[in-house]
Amino acid sequence: MRLKDLGERALLGKLAPIGYPPGAPLPPGDDAGGVWMGEVAWLLKTDGFLYREVALLGMGPFEVGWRGVAATASDLLCKMGRPLGFTLGLFLPPDLEEDFVLELVKGAAEAAGRLGAVLLGGDTNAGEEVALTVSGFAQAEVPLPRRALPGDLLYLAGDRWGRTGAAIWAHHRGRSLQGFPEIREAAFYPLPRLELLALAGLLRGGLDSSDGLAETLWQLAGLGLRVDLEDLPFYPDVLAFAGDEVAAKELVLYGGEEFEAVLVVPPEAEAQVLARAEAAGLPLFRAGRVGEGEGVFLQGKPVPRRGYDHFRP
């Protein structure tokens with residue numbers, strides 16, 4: 001079967017178990033993989049992308065390098081992994097200017113440093129266009145899988161919901177982000193939340209949201225559960241940018257590139273989770289709950305499954 005017919009998620013489902021170690025800290029196909037070193041899990045994540053596919057209007061190499069580390073770190077942090085180091089694999093056209101490459105790596109180094117981590121080198125290769133592969137590793141004492149039980153609560157961490165979607169929408173339509181500084185900041189300099197680590201040991205499950213909130217929730221529902229959204233976060237600037245709540249809902253559900261976490265909270269731990277999050281300065285939004293059944297619903301209405309897929313237009 002051709003990849004465009006199979007789709008990215010189905011392909012990953014077939015690839016993930018190949019060679020994966022039994023008894024690993026996380027199941028195959030999760031946001032990151034890992035091995036046990038004594039009582040501590042060492043987690044690894046690799047992410048790759050073409051420069052032209054992620055460089056929004058007004059972005060330069062510094063911002064794209066930053067974004068590469070942010071994307072990889074987000075997968076590690078939603079697994080309760082503290083990022084320690086990153087490496088870069090660069091594919092570069094031979095006629096590219098040196099300053100471009102230096103800015104790309106400086107952006108990656110800056111994002112890593114903001115997360116308390118470092119760059120540890122990498123590799124350079126000639127290519128027809130600029131592409132990056134970013135690998136990151138982390139330590140987790142209590143690694144957090146994709147997991148939920150009926151009755152669990154759903155919380156959205158962070159405040160980029162809808163904002164990154166607005167920036168991507170603006171890029172594809174040539175719309176200026178002037179007057180929307182928080183939307184621009186969310187898309188140009190996303191930083192995953194180290195504050196998530198304050199919740200270690202309290203959560204049932206966690207998922208990174210990069211392909212869009214709806215797709216992330218469908219991945220959770222794929223565990224054999226029903227996801228019921230009771231509400232969505234609508235920030236004033238996203239509403240102003242979108243023009244109405246209907247358009248804003250599209251940005252929140254299908255925007256993508258949030259690099260935020262969807263958290264599954266046992267009801268008995270809710271009060272403690274909220275207290276720790278407040279103490280750590282982590283924004284949390286209660287979006288709904290998990291139940292028996294299948295599918296994703298918003299206020300009782302089905303949420304169509306749409307999200308980014310590398311092999312489908």
# chains A, B, ... in the order shown; residues from 1 in each chain; ligands from 1
call {"tool": "closest_atom_pairs", "arguments": {"of": "segment 123-210 of chain A", "to": "segment 274-296 of chain A", "cutoff": "7 Å", "atoms": "only C-alpha atoms", "output": "Markdown table"}}
result
| residue | atom | partner | partner_atom | distance |
| --- | --- | --- | --- | --- |
| A:Leu149 | CA | A:Val290 | CA | 6.8 |
| A:Pro150 | CA | A:Gly291 | CA | 4.1 |
| A:Gly151 | CA | A:Val290 | CA | 5.5 |
| A:Asp152 | CA | A:Val290 | CA | 5.3 |
| A:Leu153 | CA | A:Arg289 | CA | 4.2 |
| A:Leu154 | CA | A:Arg289 | CA | 5.0 |
| A:Tyr155 | CA | A:Arg286 | CA | 4.4 |
| A:Leu156 | CA | A:Phe285 | CA | 5.1 |
| A:Ala157 | CA | A:Leu284 | CA | 4.6 |
| A:Gly158 | CA | A:Pro283 | CA | 5.0 |
| A:Asp159 | CA | A:Pro283 | CA | 6.7 |
| A:Glu195 | CA | A:Ala280 | CA | 5.8 |
| A:Ala198 | CA | A:Arg276 | CA | 6.4 |
| A:Leu199 | CA | A:Arg276 | CA | 6.6 |
call {"tool": "residues_around", "arguments": {"residues": "Gly60 of chain A", "least_positions_apart": "5", "cutoff": "10 Å", "atoms": "only C-alpha atoms", "output": "list of chain:residue names"}}
result
A:Tyr51, A:Ala55, A:Gly65, A:Phe100, A:Glu103, A:Leu104, A:Gly107, A:Phe188
call {"tool": "closest_atom_pairs", "arguments": {"of": "segment 39-108 of chain A", "to": "segment 126-131 of chain A", "cutoff": "8 Å", "atoms": "only C-alpha atoms", "output": "tab-separated table"}}
result
residue	atom	partner	partner_atom	distance
A:Gly48	CA	A:Ala131	CA	7.4
A:Phe49	CA	A:Ala131	CA	5.8
A:Leu50	CA	A:Ala131	CA	4.3
A:Tyr51	CA	A:Ala131	CA	5.3
A:Arg52	CA	A:Val130	CA	7.7
A:Leu90	CA	A:Ala131	CA	6.0
A:Phe91	CA	A:Gly127	CA	5.0
A:Leu92	CA	A:Val130	CA	4.9
A:Pro93	CA	A:Gly127	CA	5.0
A:Pro94	CA	A:Ala126	CA	6.3
call {"tool": "atom_distance", "arguments": {"atom1": "atom CA of Pro17 of chain A", "atom2": "atom CA of Asp31 of chain A"}}
result
13.5 Å
call {"tool": "residues_around", "arguments": {"residues": "segment 259-270 of chain A", "least_positions_apart": "6", "cutoff": "8 Å", "atoms": "only C-alpha atoms", "output": "ChimeraX atom specification"}}
result
/A:70-71,74-75,78,147-148,151-158,160,190-193,202-210,216
call {"tool": "residues_around", "arguments": {"residues": "Ala117 of chain A", "least_positions_apart": "3", "cutoff": "10 Å", "atoms": "only C-alpha atoms", "output": "PyMOL selection string"}}
result
chain A and resi 73+82-86+109-114+120+136-138
call {"tool": "select_by_dssp", "arguments": {"residues": "segment 111-211 of chain A", "states": "alpha helix (DSSP H)", "output": "ChimeraX atom specification"}}
result
/A:111-114,163-173,181-188
call {"tool": "atom_distance", "arguments": {"atom1": "atom CA of Met1 of chain A", "atom2": "atom CA of Gln219 of chain A"}}
result
22.4 Å
call {"tool": "select_by_dssp", "arguments": {"residues": "segment 102-205 of chain A", "states": "strand (DSSP E or B)", "output": "ChimeraX atom specification"}}
result
/A:118-126,131-140,153-157,205
call {"tool": "write_last_selection", "arguments": {"atoms": "N, CA and C atoms", "output": "PDB file, in the first residue's frame"}}
result
ATOM      1  N   VAL A 118      21.419  21.526  26.914  1.00  0.00           N
ATOM      2  CA  VAL A 118      22.549  21.975  26.099  1.00  0.00           C
ATOM      3  C   VAL A 118      22.473  21.334  24.712  1.00  0.00           C
ATOM      4  N   LEU A 119      23.240  21.909  23.780  1.00  0.00           N
ATOM      5  CA  LEU A 119      23.456  21.264  22.491  1.00  0.00           C
ATOM      6  C   LEU A 119      24.724  20.427  22.565  1.00  0.00           C
ATOM      7  N   LEU A 120      24.667  19.256  21.959  1.00  0.00           N
ATOM      8  CA  LEU A 120      25.799  18.328  22.034  1.00  0.00           C
ATOM      9  C   LEU A 120      26.294  17.950  20.639  1.00  0.00           C
ATOM     10  N   GLY A 121      26.273  18.920  19.740  1.00  0.00           N
ATOM     11  CA  GLY A 121      26.779  18.667  18.398  1.00  0.00           C
ATOM     12  C   GLY A 121      25.735  18.050  17.507  1.00  0.00           C
ATOM     13  N   GLY A 122      26.188  17.254  16.526  1.00  0.00           N
ATOM     14  CA  GLY A 122      25.269  16.636  15.589  1.00  0.00           C
ATOM     15  C   GLY A 122      25.965  16.265  14.310  1.00  0.00           C
ATOM     16  N   ASP A 123      25.356  16.596  13.177  1.00  0.00           N
ATOM     17  CA  ASP A 123      25.894  16.180  11.889  1.00  0.00           C
ATOM     18  C   ASP A 123      25.462  17.173  10.823  1.00  0.00           C
ATOM     19  N   THR A 124      26.283  17.345   9.799  1.00  0.00           N
ATOM     20  CA  THR A 124      25.930  18.180   8.654  1.00  0.00           C
ATOM     21  C   THR A 124      26.026  17.357   7.379  1.00  0.00           C
ATOM     22  N   ASN A 125      25.089  17.607   6.481  1.00  0.00           N
ATOM     23  CA  ASN A 125      25.035  16.899   5.207  1.00  0.00           C
ATOM     24  C   ASN A 125      24.623  17.874   4.115  1.00  0.00           C
ATOM     25  N   ALA A 126      25.071  17.629   2.903  1.00  0.00           N
ATOM     26  CA  ALA A 126      24.604  18.408   1.771  1.00  0.00           C
ATOM     27  C   ALA A 126      23.208  17.948   1.385  1.00  0.00           C
ATOM     28  N   ALA A 131      16.948  21.213   5.772  1.00  0.00           N
ATOM     29  CA  ALA A 131      16.121  20.336   6.597  1.00  0.00           C
ATOM     30  C   ALA A 131      16.851  20.079   7.906  1.00  0.00           C
ATOM     31  N   LEU A 132      16.083  19.821   8.962  1.00  0.00           N
ATOM     32  CA  LEU A 132      16.646  19.592  10.288  1.00  0.00           C
ATOM     33  C   LEU A 132      16.125  18.290  10.867  1.00  0.00           C
ATOM     34  N   THR A 133      16.984  17.604  11.588  1.00  0.00           N
ATOM     35  CA  THR A 133      16.586  16.498  12.445  1.00  0.00           C
ATOM     36  C   THR A 133      17.100  16.830  13.837  1.00  0.00           C
ATOM     37  N   VAL A 134      16.201  16.879  14.792  1.00  0.00           N
ATOM     38  CA  VAL A 134      16.554  17.223  16.169  1.00  0.00           C
ATOM     39  C   VAL A 134      16.299  16.020  17.058  1.00  0.00           C
ATOM     40  N   SER A 135      17.294  15.631  17.830  1.00  0.00           N
ATOM     41  CA  SER A 135      17.134  14.561  18.815  1.00  0.00           C
ATOM     42  C   SER A 135      17.344  15.139  20.206  1.00  0.00           C
ATOM     43  N   GLY A 136      16.524  14.709  21.129  1.00  0.00           N
ATOM     44  CA  GLY A 136      16.654  15.166  22.503  1.00  0.00           C
ATOM     45  C   GLY A 136      16.552  14.004  23.465  1.00  0.00           C
ATOM     46  N   PHE A 137      17.269  14.098  24.583  1.00  0.00           N
ATOM     47  CA  PHE A 137      17.145  13.056  25.597  1.00  0.00           C
ATOM     48  C   PHE A 137      16.862  13.687  26.948  1.00  0.00           C
ATOM     49  N   ALA A 138      16.214  12.886  27.800  1.00  0.00           N
ATOM     50  CA  ALA A 138      15.736  13.402  29.080  1.00  0.00           C
ATOM     51  C   ALA A 138      15.714  12.284  30.100  1.00  0.00           C
ATOM     52  N   GLN A 139      15.638  12.679  31.364  1.00  0.00           N
ATOM     53  CA  GLN A 139      15.464  11.730  32.467  1.00  0.00           C
ATOM     54  C   GLN A 139      14.072  11.886  33.054  1.00  0.00           C
ATOM     55  N   ALA A 140      13.461  10.754  33.403  1.00  0.00           N
ATOM     56  CA  ALA A 140      12.139  10.774  34.022  1.00  0.00           C
ATOM     57  C   ALA A 140      12.098   9.733  35.128  1.00  0.00           C
ATOM     58  N   LEU A 153     -10.420  13.249  34.191  1.00  0.00           N
ATOM     59  CA  LEU A 153     -10.634  14.615  33.720  1.00  0.00           C
ATOM     60  C   LEU A 153      -9.563  15.002  32.709  1.00  0.00           C
ATOM     61  N   LEU A 154      -9.930  15.880  31.783  1.00  0.00           N
ATOM     62  CA  LEU A 154      -8.997  16.371  30.775  1.00  0.00           C
ATOM     63  C   LEU A 154      -8.667  17.829  31.034  1.00  0.00           C
ATOM     64  N   TYR A 155      -7.373  18.112  31.122  1.00  0.00           N
ATOM     65  CA  TYR A 155      -6.901  19.484  31.275  1.00  0.00           C
ATOM     66  C   TYR A 155      -5.943  19.825  30.137  1.00  0.00           C
ATOM     67  N   LEU A 156      -6.005  21.079  29.698  1.00  0.00           N
ATOM     68  CA  LEU A 156      -5.073  21.598  28.702  1.00  0.00           C
ATOM     69  C   LEU A 156      -4.075  22.495  29.408  1.00  0.00           C
ATOM     70  N   ALA A 157      -2.801  22.171  29.285  1.00  0.00           N
ATOM     71  CA  ALA A 157      -1.752  22.983  29.903  1.00  0.00           C
ATOM     72  C   ALA A 157      -1.295  24.060  28.935  1.00  0.00           C
ATOM     73  N   GLY A 205      -2.150  10.288  32.575  1.00  0.00           N
ATOM     74  CA  GLY A 205      -1.570  10.243  31.244  1.00  0.00           C
ATOM     75  C   GLY A 205      -1.286  11.636  30.727  1.00  0.00           C
TER      76      GLY A 205
END
call {"tool": "closest_residue", "arguments": {"among": "A:Leu115, A:Leu96, A:Ala166, A:Val105", "to": "Gly81 of chain A", "atoms": "only C-alpha atoms"}}
result
A:Leu115
call {"tool": "residues_around", "arguments": {"residues": "Leu177 of chain A", "least_positions_apart": "3", "cutoff": "12 Å", "atoms": "only C-alpha atoms", "output": "list in words"}}
result
Leu56, Leu57, Gly58, Arg163, Thr164, Ala166, Ala167, Ile168, Trp169, Ala170, His171, Arg173, Gly174, Phe180, Pro181, Glu182, Ile183, Arg184, Glu185, Ala186, Ala187, Phe188, Asp237, Val238, Ala240, Phe241 and Ala242 of chain A
call {"tool": "atom_distance", "arguments": {"atom1": "atom CA of Glu258 of chain A", "atom2": "atom CA of Leu223 of chain A"}}
result
22.4 Å
call {"tool": "residues_around", "arguments": {"residues": "Glu39 of chain A", "least_positions_apart": "5", "cutoff": "12 Å", "atoms": "only C-alpha atoms", "output": "number ranges by chain"}}
result
A: 24-25, 139-143
call {"tool": "write_last_selection", "arguments": {"atoms": "N, CA, C and O atoms", "output": "PDB file, in the first residue's frame"}}
result
ATOM      1  N   ALA A  24       9.843  -1.505  28.339  1.00  0.00           N
ATOM      2  CA  ALA A  24      10.330  -0.125  28.246  1.00  0.00           C
ATOM      3  C   ALA A  24       9.474   0.810  29.103  1.00  0.00           C
ATOM      4  O   ALA A  24       8.332   0.478  29.445  1.00  0.00           O
ATOM      5  N   PRO A  25       9.994   1.969  29.476  1.00  0.00           N
ATOM      6  CA  PRO A  25       9.245   2.897  30.326  1.00  0.00           C
ATOM      7  C   PRO A  25       7.956   3.396  29.687  1.00  0.00           C
ATOM      8  O   PRO A  25       7.022   3.754  30.403  1.00  0.00           O
ATOM      9  N   GLN A 139      15.638  12.679  31.364  1.00  0.00           N
ATOM     10  CA  GLN A 139      15.464  11.730  32.467  1.00  0.00           C
ATOM     11  C   GLN A 139      14.072  11.886  33.054  1.00  0.00           C
ATOM     12  O   GLN A 139      13.561  13.004  33.177  1.00  0.00           O
ATOM     13  N   ALA A 140      13.461  10.754  33.403  1.00  0.00           N
ATOM     14  CA  ALA A 140      12.139  10.774  34.022  1.00  0.00           C
ATOM     15  C   ALA A 140      12.098   9.733  35.128  1.00  0.00           C
ATOM     16  O   ALA A 140      12.369   8.556  34.886  1.00  0.00           O
ATOM     17  N   GLU A 141      11.775  10.169  36.320  1.00  0.00           N
ATOM     18  CA  GLU A 141      11.623   9.211  37.420  1.00  0.00           C
ATOM     19  C   GLU A 141      10.273   8.507  37.348  1.00  0.00           C
ATOM     20  O   GLU A 141      10.160   7.334  37.713  1.00  0.00           O
ATOM     21  N   VAL A 142       9.250   9.233  36.879  1.00  0.00           N
ATOM     22  CA  VAL A 142       7.912   8.650  36.738  1.00  0.00           C
ATOM     23  C   VAL A 142       7.419   8.956  35.326  1.00  0.00           C
ATOM     24  O   VAL A 142       6.641   9.885  35.120  1.00  0.00           O
ATOM     25  N   PRO A 143       7.883   8.204  34.314  1.00  0.00           N
ATOM     26  CA  PRO A 143       7.459   8.475  32.940  1.00  0.00           C
ATOM     27  C   PRO A 143       5.952   8.322  32.782  1.00  0.00           C
ATOM     28  O   PRO A 143       5.332   7.455  33.396  1.00  0.00           O
TER      29      PRO A 143
END
